[in-house]
$ cat entry_12.pdb   # PDB, C-alpha atoms
ATOM      1  CA  MET W   9      -7.701  -9.766 -14.424
ATOM      2  CA  SER W  10      -9.773 -12.692 -15.585
ATOM      3  CA  GLU W  11     -12.373 -14.229 -13.348
ATOM      4  CA  ALA W  12     -10.629 -17.605 -13.610
ATOM      5  CA  ILE W  13      -7.375 -16.143 -12.255
ATOM      6  CA  GLU W  14      -9.240 -14.403  -9.424
ATOM      7  CA  HIS W  15     -10.918 -17.679  -8.459
ATOM      8  CA  GLU W  16      -7.581 -19.495  -8.655
ATOM      9  CA  ILE W  17      -5.946 -16.979  -6.305
ATOM     10  CA  THR W  18      -8.901 -17.246  -3.914
ATOM     11  CA  ARG W  19      -8.603 -21.063  -4.011
ATOM     12  CA  ILE W  20      -4.847 -20.897  -3.345
ATOM     13  CA  LEU W  21      -5.440 -18.526  -0.407
ATOM     14  CA  GLY W  22      -7.935 -21.013   0.998
ATOM     15  CA  ASP W  23      -5.420 -23.846   0.593
ATOM     16  CA  TRP W  24      -2.736 -21.785   2.334
ATOM     17  CA  GLN W  25      -5.092 -20.905   5.162
ATOM     18  CA  GLY W  26      -5.959 -24.594   5.441
ATOM     19  CA  GLY W  27      -2.325 -25.457   6.124
ATOM     20  CA  ASP W  28      -1.085 -26.393   2.648
ATOM     21  CA  GLU W  29       2.567 -25.320   2.810
ATOM     22  CA  GLU W  30       3.019 -25.504  -0.963
ATOM     23  CA  ALA W  31       0.102 -23.101  -1.489
ATOM     24  CA  ARG W  32       2.275 -20.197  -0.350
ATOM     25  CA  GLU W  33       4.704 -20.837  -3.199
ATOM     26  CA  ARG W  34       1.844 -21.204  -5.704
ATOM     27  CA  LEU W  35       0.391 -17.937  -4.418
ATOM     28  CA  LEU W  36       3.689 -16.110  -4.835
ATOM     29  CA  GLY W  37       3.908 -17.371  -8.403
ATOM     30  CA  ALA W  38       0.344 -16.261  -9.141
ATOM     31  CA  VAL W  39       0.632 -12.734  -7.703
ATOM     32  CA  TYR W  40       4.334 -11.937  -7.980
ATOM     33  CA  ASP W  41       4.129  -9.923 -11.199
ATOM     34  CA  ASP W  42       1.274  -7.781  -9.837
ATOM     35  CA  LEU W  43       3.053  -7.222  -6.524
ATOM     36  CA  LYS W  44       6.292  -6.342  -8.301
ATOM     37  CA  ARG W  45       4.454  -3.869 -10.554
ATOM     38  CA  HIS W  46       2.878  -2.216  -7.501
ATOM     39  CA  ALA W  47       6.211  -2.075  -5.681
ATOM     40  CA  ARG W  48       7.998  -0.719  -8.757
ATOM     41  CA  SER W  49       5.369   2.018  -9.087
ATOM     42  CA  LEU W  50       5.670   2.861  -5.417
ATOM     43  CA  MET W  51       9.464   2.850  -5.445
ATOM     44  CA  SER W  52       9.669   4.936  -8.638
ATOM     45  CA  ARG W  53       9.178   7.987  -6.426
ATOM     46  CA  GLU W  54      12.137   7.059  -4.247
ATOM     47  CA  ARG W  55      15.692   8.286  -4.688
ATOM     48  CA  PRO W  56      17.759   6.210  -7.161
ATOM     49  CA  ASP W  57      20.185   4.983  -4.489
ATOM     50  CA  HIS W  58      17.411   3.917  -2.096
ATOM     51  CA  THR W  59      18.486   0.866  -0.128
ATOM     52  CA  LEU W  60      15.061  -0.749  -0.398
ATOM     53  CA  GLN W  61      14.335  -1.989  -3.923
ATOM     54  CA  PRO W  62      10.974  -3.159  -5.355
ATOM     55  CA  THR W  63      11.954  -6.823  -5.242
ATOM     56  CA  ALA W  64      12.989  -6.516  -1.598
ATOM     57  CA  LEU W  65       9.746  -4.694  -0.769
ATOM     58  CA  VAL W  66       7.692  -7.506  -2.330
ATOM     59  CA  HIS W  67       9.710 -10.208  -0.586
ATOM     60  CA  GLU W  68       9.565  -8.472   2.775
ATOM     61  CA  ALA W  69       5.804  -7.968   2.460
ATOM     62  CA  PHE W  70       5.375 -11.614   1.531
ATOM     63  CA  LEU W  71       7.526 -12.714   4.473
ATOM     64  CA  LYS W  72       5.428 -10.593   6.850
ATOM     65  CA  MET W  73       2.324 -12.107   5.329
ATOM     66  CA  GLY W  74       3.672 -15.585   5.944
ATOM     67  CA  ASN W  75       4.274 -14.720   9.595
ATOM     68  CA  ALA W  76       0.772 -13.304  10.041
ATOM     69  CA  THR W  77      -1.421 -15.492  12.177
ATOM     70  CA  GLY W  78      -5.163 -15.446  12.338
ATOM     71  CA  VAL W  79      -5.691 -13.847   8.921
ATOM     72  CA  GLN W  80      -8.863 -15.176   7.353
ATOM     73  CA  TRP W  81      -8.140 -14.800   3.648
ATOM     74  CA  ARG W  82     -11.319 -13.997   1.754
ATOM     75  CA  ASP W  83     -10.187 -13.438  -1.812
ATOM     76  CA  ARG W  84      -7.727 -11.721  -4.136
ATOM     77  CA  LYS W  85      -9.075  -8.260  -3.237
ATOM     78  CA  HIS W  86      -8.535  -8.889   0.467
ATOM     79  CA  PHE W  87      -5.033 -10.175  -0.245
ATOM     80  CA  PHE W  88      -4.006  -7.035  -2.152
ATOM     81  CA  GLY W  89      -5.566  -4.799   0.508
ATOM     82  CA  ILE W  90      -3.459  -6.469   3.180
ATOM     83  CA  THR W  91      -0.401  -6.323   0.924
ATOM     84  CA  SER W  92      -0.861  -2.536   0.558
ATOM     85  CA  HIS W  93      -1.013  -2.210   4.327
ATOM     86  CA  LEU W  94       2.115  -4.320   4.786
ATOM     87  CA  MET W  95       4.026  -2.290   2.194
ATOM     88  CA  ARG W  96       2.980   0.827   4.105
ATOM     89  CA  GLN W  97       4.363  -0.623   7.336
ATOM     90  CA  ILE W  98       7.623  -1.621   5.660
ATOM     91  CA  LEU W  99       8.135   1.798   4.067
ATOM     92  CA  VAL W 100       7.270   3.599   7.298
ATOM     93  CA  ASP W 101       9.696   1.428   9.271
ATOM     94  CA  HIS W 102      12.359   2.021   6.637
ATOM     95  CA  ALA W 103      11.697   5.776   6.682
ATOM     96  CA  ARG W 104      11.918   5.848  10.483
ATOM     97  CA  THR W 105      15.238   4.075  10.358
ATOM     98  CA  HIS W 106      16.669   6.398   7.724
ATOM     99  CA  SER W 107      15.086   9.691   8.691
ATOM    100  CA  THR W 108      17.451  12.208  10.205
ATOM    101  CA  ASN W 109      15.038  15.074  10.616
ATOM    102  CA  LYS W 110      11.883  15.491  12.612
ATOM    103  CA  ARG W 111       8.722  16.596  10.813
ATOM    104  CA  GLY W 112       8.774  20.004  12.453
ATOM    105  CA  ASN W 113      12.246  20.783  11.136
ATOM    106  CA  ARG W 114      11.472  20.310   7.495
ATOM    107  CA  ALA W 115       8.620  21.235   5.166
ATOM    108  CA  ILE W 116       6.483  18.420   3.858
ATOM    109  CA  HIS W 117       5.909  18.634   0.116
ATOM    110  CA  PHE W 118       2.556  17.455  -1.100
ATOM    111  CA  SER W 119       1.059  17.920  -4.544
ATOM    112  CA  THR W 120      -2.672  18.474  -4.857
ATOM    113  CA  ASP W 121      -2.592  16.616  -8.163
ATOM    114  CA  ASP W 122      -1.284  13.462  -6.554
ATOM    115  CA  ILE W 123       0.906  12.371  -3.683
ATOM    116  CA  ASP W 124       4.154  13.127  -5.480
ATOM    117  CA  ILE W 125       6.909  13.914  -3.052
ATOM    118  CA  PRO W 126      10.454  14.916  -4.026
ATOM    119  CA  VAL W 127      12.952  12.177  -3.337
ATOM    120  CA  ASP W 128      15.018  14.202  -0.889
ATOM    121  CA  GLU W 129      11.921  14.728   1.281
ATOM    122  CA  ARG W 130      10.469  11.232   0.942
ATOM    123  CA  ALA W 131      11.424   9.636   4.285
ATOM    124  CA  ASP W 132      10.035  12.473   6.378
ATOM    125  CA  SER W 133       6.972  12.667   4.152
ATOM    126  CA  ILE W 134       6.213   8.954   4.480
ATOM    127  CA  LEU W 135       6.262   9.349   8.243
ATOM    128  CA  ALA W 136       4.073  12.455   8.088
ATOM    129  CA  ILE W 137       1.535  10.782   5.807
ATOM    130  CA  HIS W 138       1.557   7.705   8.028
ATOM    131  CA  GLU W 139       0.729   9.870  11.056
ATOM    132  CA  VAL W 140      -2.116  11.769   9.416
ATOM    133  CA  LEU W 141      -3.450   8.635   7.744
ATOM    134  CA  ASP W 142      -4.247   7.251  11.193
ATOM    135  CA  LYS W 143      -6.211  10.439  11.922
ATOM    136  CA  LEU W 144      -8.056  10.106   8.626
ATOM    137  CA  ALA W 145      -8.912   6.466   9.375
ATOM    138  CA  ALA W 146     -10.557   7.542  12.629
ATOM    139  CA  MET W 147     -12.775   9.928  10.637
ATOM    140  CA  ASP W 148     -13.285   7.966   7.417
ATOM    141  CA  LYS W 149     -11.924   4.452   7.184
ATOM    142  CA  ARG W 150     -12.680   4.030   3.470
ATOM    143  CA  GLN W 151     -10.849   7.216   2.503
ATOM    144  CA  ALA W 152      -7.864   6.074   4.551
ATOM    145  CA  GLN W 153      -7.940   2.705   2.770
ATOM    146  CA  ILE W 154      -8.020   4.458  -0.605
ATOM    147  CA  VAL W 155      -5.015   6.615   0.295
ATOM    148  CA  GLU W 156      -3.142   3.607   1.677
ATOM    149  CA  MET W 157      -3.826   1.473  -1.391
ATOM    150  CA  ARG W 158      -2.910   4.282  -3.759
ATOM    151  CA  PHE W 159       0.115   5.714  -1.951
ATOM    152  CA  PHE W 160       1.610   2.647  -0.311
ATOM    153  CA  GLY W 161       0.208  -0.094  -2.529
ATOM    154  CA  GLY W 162       0.522   1.631  -5.892
ATOM    155  CA  LEU W 163      -2.964   0.517  -6.935
ATOM    156  CA  THR W 164      -4.901   2.319  -9.641
ATOM    157  CA  ASN W 165      -8.411   3.697  -9.127
ATOM    158  CA  ALA W 166      -9.855   0.663 -10.932
ATOM    159  CA  GLU W 167      -7.880  -1.750  -8.720
ATOM    160  CA  ILE W 168      -8.932   0.099  -5.574
ATOM    161  CA  ALA W 169     -12.573   0.032  -6.684
ATOM    162  CA  GLU W 170     -12.286  -3.701  -7.224
ATOM    163  CA  ALA W 171     -10.546  -4.307  -3.907
ATOM    164  CA  LEU W 172     -13.091  -2.284  -1.931
ATOM    165  CA  ASP W 173     -16.026  -3.484  -4.043
ATOM    166  CA  ILE W 174     -17.131   0.055  -4.890
ATOM    167  CA  ASN W 175     -17.605   2.074  -8.069
ATOM    168  CA  GLU W 176     -14.503   3.666  -9.610
ATOM    169  CA  ARG W 177     -16.244   7.069  -9.576
ATOM    170  CA  THR W 178     -16.660   6.663  -5.810
ATOM    171  CA  VAL W 179     -12.920   6.001  -5.502
ATOM    172  CA  ILE W 180     -12.165   9.154  -7.492
ATOM    173  CA  ARG W 181     -14.562  11.252  -5.401
ATOM    174  CA  GLU W 182     -13.260   9.828  -2.100
ATOM    175  CA  TRP W 183      -9.647  10.274  -3.280
ATOM    176  CA  GLN W 184     -10.274  13.935  -4.098
ATOM    177  CA  SER W 185     -11.778  14.516  -0.666
ATOM    178  CA  ALA W 186      -9.000  12.624   1.133
ATOM    179  CA  ARG W 187      -6.318  14.378  -0.905
ATOM    180  CA  LEU W 188      -7.679  17.793   0.076
ATOM    181  CA  TRP W 189      -7.884  16.789   3.744
ATOM    182  CA  LEU W 190      -4.323  15.404   3.649
ATOM    183  CA  TYR W 191      -3.048  18.554   1.984
ATOM    184  CA  ARG W 192      -4.557  20.693   4.747
ATOM    185  CA  GLU W 193      -3.254  18.439   7.506
ATOM    186  CA  LEU W 194       0.262  18.262   6.123
ATOM    187  CA  ASN W 195       0.534  21.987   5.510
ATOM    188  CA  GLN W 196      -0.619  23.270   8.893
TER     189      GLN W 196
END

$ encode --input "entry_12.pdb" --output "structure tokens"
Amino acid sequence: MSEAIEHEITRILGDWQGGDEEARERLLGAVYDDLKRHARSLMSRERPDHTLQPTALVHEAFLKMGNATGVQWRDRKHFFGITSHLMRQILVDHARTHSTNKRGNRAIHFSTDDIDIPVDERADSILAIHEVLDKLAAMDKRQAQIVEMRFFGGLTNAEIAEALDINERTVIREWQSARLWLYRELNQ
């Protein structure tokens, strides 16, 4: 993303935070394609007849963002970090609503190559990952952020590195460590 676009998004966030009601609409226009791409990537692992679609996920996240009070928007990176967290909350709430089995009744599938979960196990797996992600955050907040941005936000390693202001190699190393820890936790 160009530096000019990043500065524009940061300026719009500042306008929105300052009370400019039209800034929210300008922000949606500026980030909608990126948010939709992230949601589409995230939802591509869901079952085809899933009741929550990428567009709805983006809109719901944006609505929650609009209702958030006290958020001090810093920049585009901060915005996408919060968006990843909101998408996580939405998917977890949706999974809770639609889950018919408890975690102990059903195996959680987790690939060591990535967090690829079969569609018929997805709701229970989202809840399981949500639970262990809180444990991971208590031990290593950055690793938990990387997992959240990757799994729930659909961000790439480069986007995560940019959002967290760290080197992409650090993201890859932290992801590998977090992935191994998650695998062990989910398969106990």

$ closest_residue --input "entry_12.pdb" --among "W:Arg19, W:Arg82, W:Lys44, W:His93" --to "Ala64 of chain W" --atoms "all atoms listed in the file"
W:Lys44

$ residues_near_point --input "entry_12.pdb" --point "(-13.8, 11.6, 2.7)" --cutoff "10 Å" --atoms "all atoms listed in the file" --output "PDB file with C-alpha atoms, in the frame of the given file"
ATOM      1  CA  LEU W 144      -8.056  10.106   8.626  1.00  0.00           C
ATOM      2  CA  ALA W 145      -8.912   6.466   9.375  1.00  0.00           C
ATOM      3  CA  MET W 147     -12.775   9.928  10.637  1.00  0.00           C
ATOM      4  CA  ASP W 148     -13.285   7.966   7.417  1.00  0.00           C
ATOM      5  CA  LYS W 149     -11.924   4.452   7.184  1.00  0.00           C
ATOM      6  CA  ARG W 150     -12.680   4.030   3.470  1.00  0.00           C
ATOM      7  CA  GLN W 151     -10.849   7.216   2.503  1.00  0.00           C
ATOM      8  CA  ALA W 152      -7.864   6.074   4.551  1.00  0.00           C
ATOM      9  CA  ILE W 154      -8.020   4.458  -0.605  1.00  0.00           C
ATOM     10  CA  VAL W 179     -12.920   6.001  -5.502  1.00  0.00           C
ATOM     11  CA  ARG W 181     -14.562  11.252  -5.401  1.00  0.00           C
ATOM     12  CA  GLU W 182     -13.260   9.828  -2.100  1.00  0.00           C
ATOM     13  CA  TRP W 183      -9.647  10.274  -3.280  1.00  0.00           C
ATOM     14  CA  GLN W 184     -10.274  13.935  -4.098  1.00  0.00           C
ATOM     15  CA  SER W 185     -11.778  14.516  -0.666  1.00  0.00           C
ATOM     16  CA  ALA W 186      -9.000  12.624   1.133  1.00  0.00           C
ATOM     17  CA  ARG W 187      -6.318  14.378  -0.905  1.00  0.00           C
ATOM     18  CA  LEU W 188      -7.679  17.793   0.076  1.00  0.00           C
ATOM     19  CA  TRP W 189      -7.884  16.789   3.744  1.00  0.00           C
TER      20      TRP W 189
END

$ closest_residue --input "entry_12.pdb" --among "W:Glu167, W:Glu156, W:Glu176, W:Glu139" --to "Leu50 of chain W" --atoms "all atoms listed in the file"
W:Glu156

$ atom_distance --input "entry_12.pdb" --atom1 "atom CA of Gln97 of chain W" --atom2 "atom CA of Gly161 of chain W"
10.7 Å

$ atom_distance --input "entry_12.pdb" --atom1 "atom CA of Thr18 of chain W" --atom2 "atom CA of Ala171 of chain W"
13.0 Å

$ closest_residue --input "entry_12.pdb" --among "W:Arg32, W:His15, W:Lys85, W:His46" --to "Thr164 of chain W" --atoms "all atoms listed in the file"
W:His46

$ residues_around --input "entry_12.pdb" --residues "Gly22 of chain W" --least-positions-apart "5" --cutoff "10 Å" --atoms "all atoms listed in the file" --output "number ranges by chain"
W: 16-17, 27-28, 31, 80-83

$ resolve_selection --input "entry_12.pdb" --expression "the PyMOL selection byres ((chain W and resi 63) around 12)" --output "MDAnalysis selection string"
chainID W and resid 40:51 59:62 64:70 95

$ atom_distance --input "entry_12.pdb" --atom1 "atom CA of Glu11 of chain W" --atom2 "atom CA of Arg84 of chain W"
10.6 Å

$ build_atoms --input "entry_12.pdb" --residues "segment 72-105 of chain W" --atoms "N, CA and C atoms" --output "tab-separated table (two decimals), in the frame of the given file"
chain	number	residue	atom	x	y	z
W	72	LYS	N	6.30	-11.03	5.76
W	72	LYS	CA	5.43	-10.59	6.85
W	72	LYS	C	4.08	-11.28	6.75
W	73	MET	N	3.60	-11.45	5.54
W	73	MET	CA	2.32	-12.11	5.33
W	73	MET	C	2.38	-13.55	5.81
W	74	GLY	N	3.50	-14.20	5.52
W	74	GLY	CA	3.67	-15.58	5.94
W	74	GLY	C	3.74	-15.73	7.45
W	75	ASN	N	4.19	-14.69	8.14
W	75	ASN	CA	4.27	-14.72	9.60
W	75	ASN	C	2.98	-14.29	10.27
W	76	ALA	N	2.04	-13.76	9.48
W	76	ALA	CA	0.77	-13.30	10.04
W	76	ALA	C	-0.05	-14.51	10.48
W	77	THR	N	-0.57	-14.42	11.68
W	77	THR	CA	-1.42	-15.49	12.18
W	77	THR	C	-2.83	-14.96	12.35
W	78	GLY	N	-3.77	-15.82	12.13
W	78	GLY	CA	-5.16	-15.45	12.34
W	78	GLY	C	-5.80	-14.68	11.19
W	79	VAL	N	-5.10	-14.53	10.06
W	79	VAL	CA	-5.69	-13.85	8.92
W	79	VAL	C	-6.65	-14.81	8.24
W	80	GLN	N	-7.87	-14.38	8.05
W	80	GLN	CA	-8.86	-15.18	7.35
W	80	GLN	C	-8.95	-14.66	5.92
W	81	TRP	N	-8.19	-15.26	5.03
W	81	TRP	CA	-8.14	-14.80	3.65
W	81	TRP	C	-9.49	-15.01	3.00
W	82	ARG	N	-10.02	-13.91	2.42
W	82	ARG	CA	-11.32	-14.00	1.75
W	82	ARG	C	-11.16	-14.20	0.25
W	83	ASP	N	-10.34	-13.37	-0.36
W	83	ASP	CA	-10.19	-13.44	-1.81
W	83	ASP	C	-9.00	-12.59	-2.24
W	84	ARG	N	-8.83	-12.48	-3.56
W	84	ARG	CA	-7.73	-11.72	-4.14
W	84	ARG	C	-7.77	-10.27	-3.69
W	85	LYS	N	-8.93	-9.66	-3.64
W	85	LYS	CA	-9.07	-8.26	-3.24
W	85	LYS	C	-8.56	-8.06	-1.81
W	86	HIS	N	-8.96	-8.95	-0.93
W	86	HIS	CA	-8.54	-8.89	0.47
W	86	HIS	C	-7.02	-9.04	0.56
W	87	PHE	N	-6.47	-9.95	-0.22
W	87	PHE	CA	-5.03	-10.18	-0.24
W	87	PHE	C	-4.28	-8.91	-0.63
W	88	PHE	N	-4.71	-8.24	-1.71
W	88	PHE	CA	-4.01	-7.04	-2.15
W	88	PHE	C	-4.23	-5.87	-1.19
W	89	GLY	N	-5.36	-5.82	-0.52
W	89	GLY	CA	-5.57	-4.80	0.51
W	89	GLY	C	-4.58	-4.97	1.66
W	90	ILE	N	-4.41	-6.19	2.10
W	90	ILE	CA	-3.46	-6.47	3.18
W	90	ILE	C	-2.03	-6.21	2.71
W	91	THR	N	-1.73	-6.57	1.48
W	91	THR	CA	-0.40	-6.32	0.92
W	91	THR	C	-0.09	-4.83	0.92
W	92	SER	N	-1.06	-3.99	0.54
W	92	SER	CA	-0.86	-2.54	0.56
W	92	SER	C	-0.53	-2.07	1.97
W	93	HIS	N	-1.25	-2.59	2.94
W	93	HIS	CA	-1.01	-2.21	4.33
W	93	HIS	C	0.38	-2.64	4.78
W	94	LEU	N	0.78	-3.84	4.41
W	94	LEU	CA	2.12	-4.32	4.79
W	94	LEU	C	3.22	-3.50	4.13
W	95	MET	N	3.03	-3.13	2.87
W	95	MET	CA	4.03	-2.29	2.19
W	95	MET	C	4.11	-0.93	2.89
W	96	ARG	N	2.98	-0.43	3.34
W	96	ARG	CA	2.98	0.83	4.11
W	96	ARG	C	3.84	0.66	5.36
W	97	GLN	N	3.60	-0.40	6.11
W	97	GLN	CA	4.36	-0.62	7.34
W	97	GLN	C	5.86	-0.73	7.05
W	98	ILE	N	6.21	-1.44	6.01
W	98	ILE	CA	7.62	-1.62	5.66
W	98	ILE	C	8.26	-0.28	5.30
W	99	LEU	N	7.59	0.50	4.46
W	99	LEU	CA	8.14	1.80	4.07
W	99	LEU	C	8.23	2.76	5.25
W	100	VAL	N	7.23	2.73	6.12
W	100	VAL	CA	7.27	3.60	7.30
W	100	VAL	C	8.42	3.19	8.21
W	101	ASP	N	8.58	1.89	8.44
W	101	ASP	CA	9.70	1.43	9.27
W	101	ASP	C	11.03	1.81	8.64
W	102	HIS	N	11.13	1.66	7.34
W	102	HIS	CA	12.36	2.02	6.64
W	102	HIS	C	12.61	3.52	6.75
W	103	ALA	N	11.56	4.32	6.58
W	103	ALA	CA	11.70	5.78	6.68
W	103	ALA	C	12.11	6.18	8.09
W	104	ARG	N	11.54	5.53	9.10
W	104	ARG	CA	11.92	5.85	10.48
W	104	ARG	C	13.39	5.57	10.72
W	105	THR	N	13.85	4.46	10.19
W	105	THR	CA	15.24	4.08	10.36
W	105	THR	C	16.18	5.06	9.68
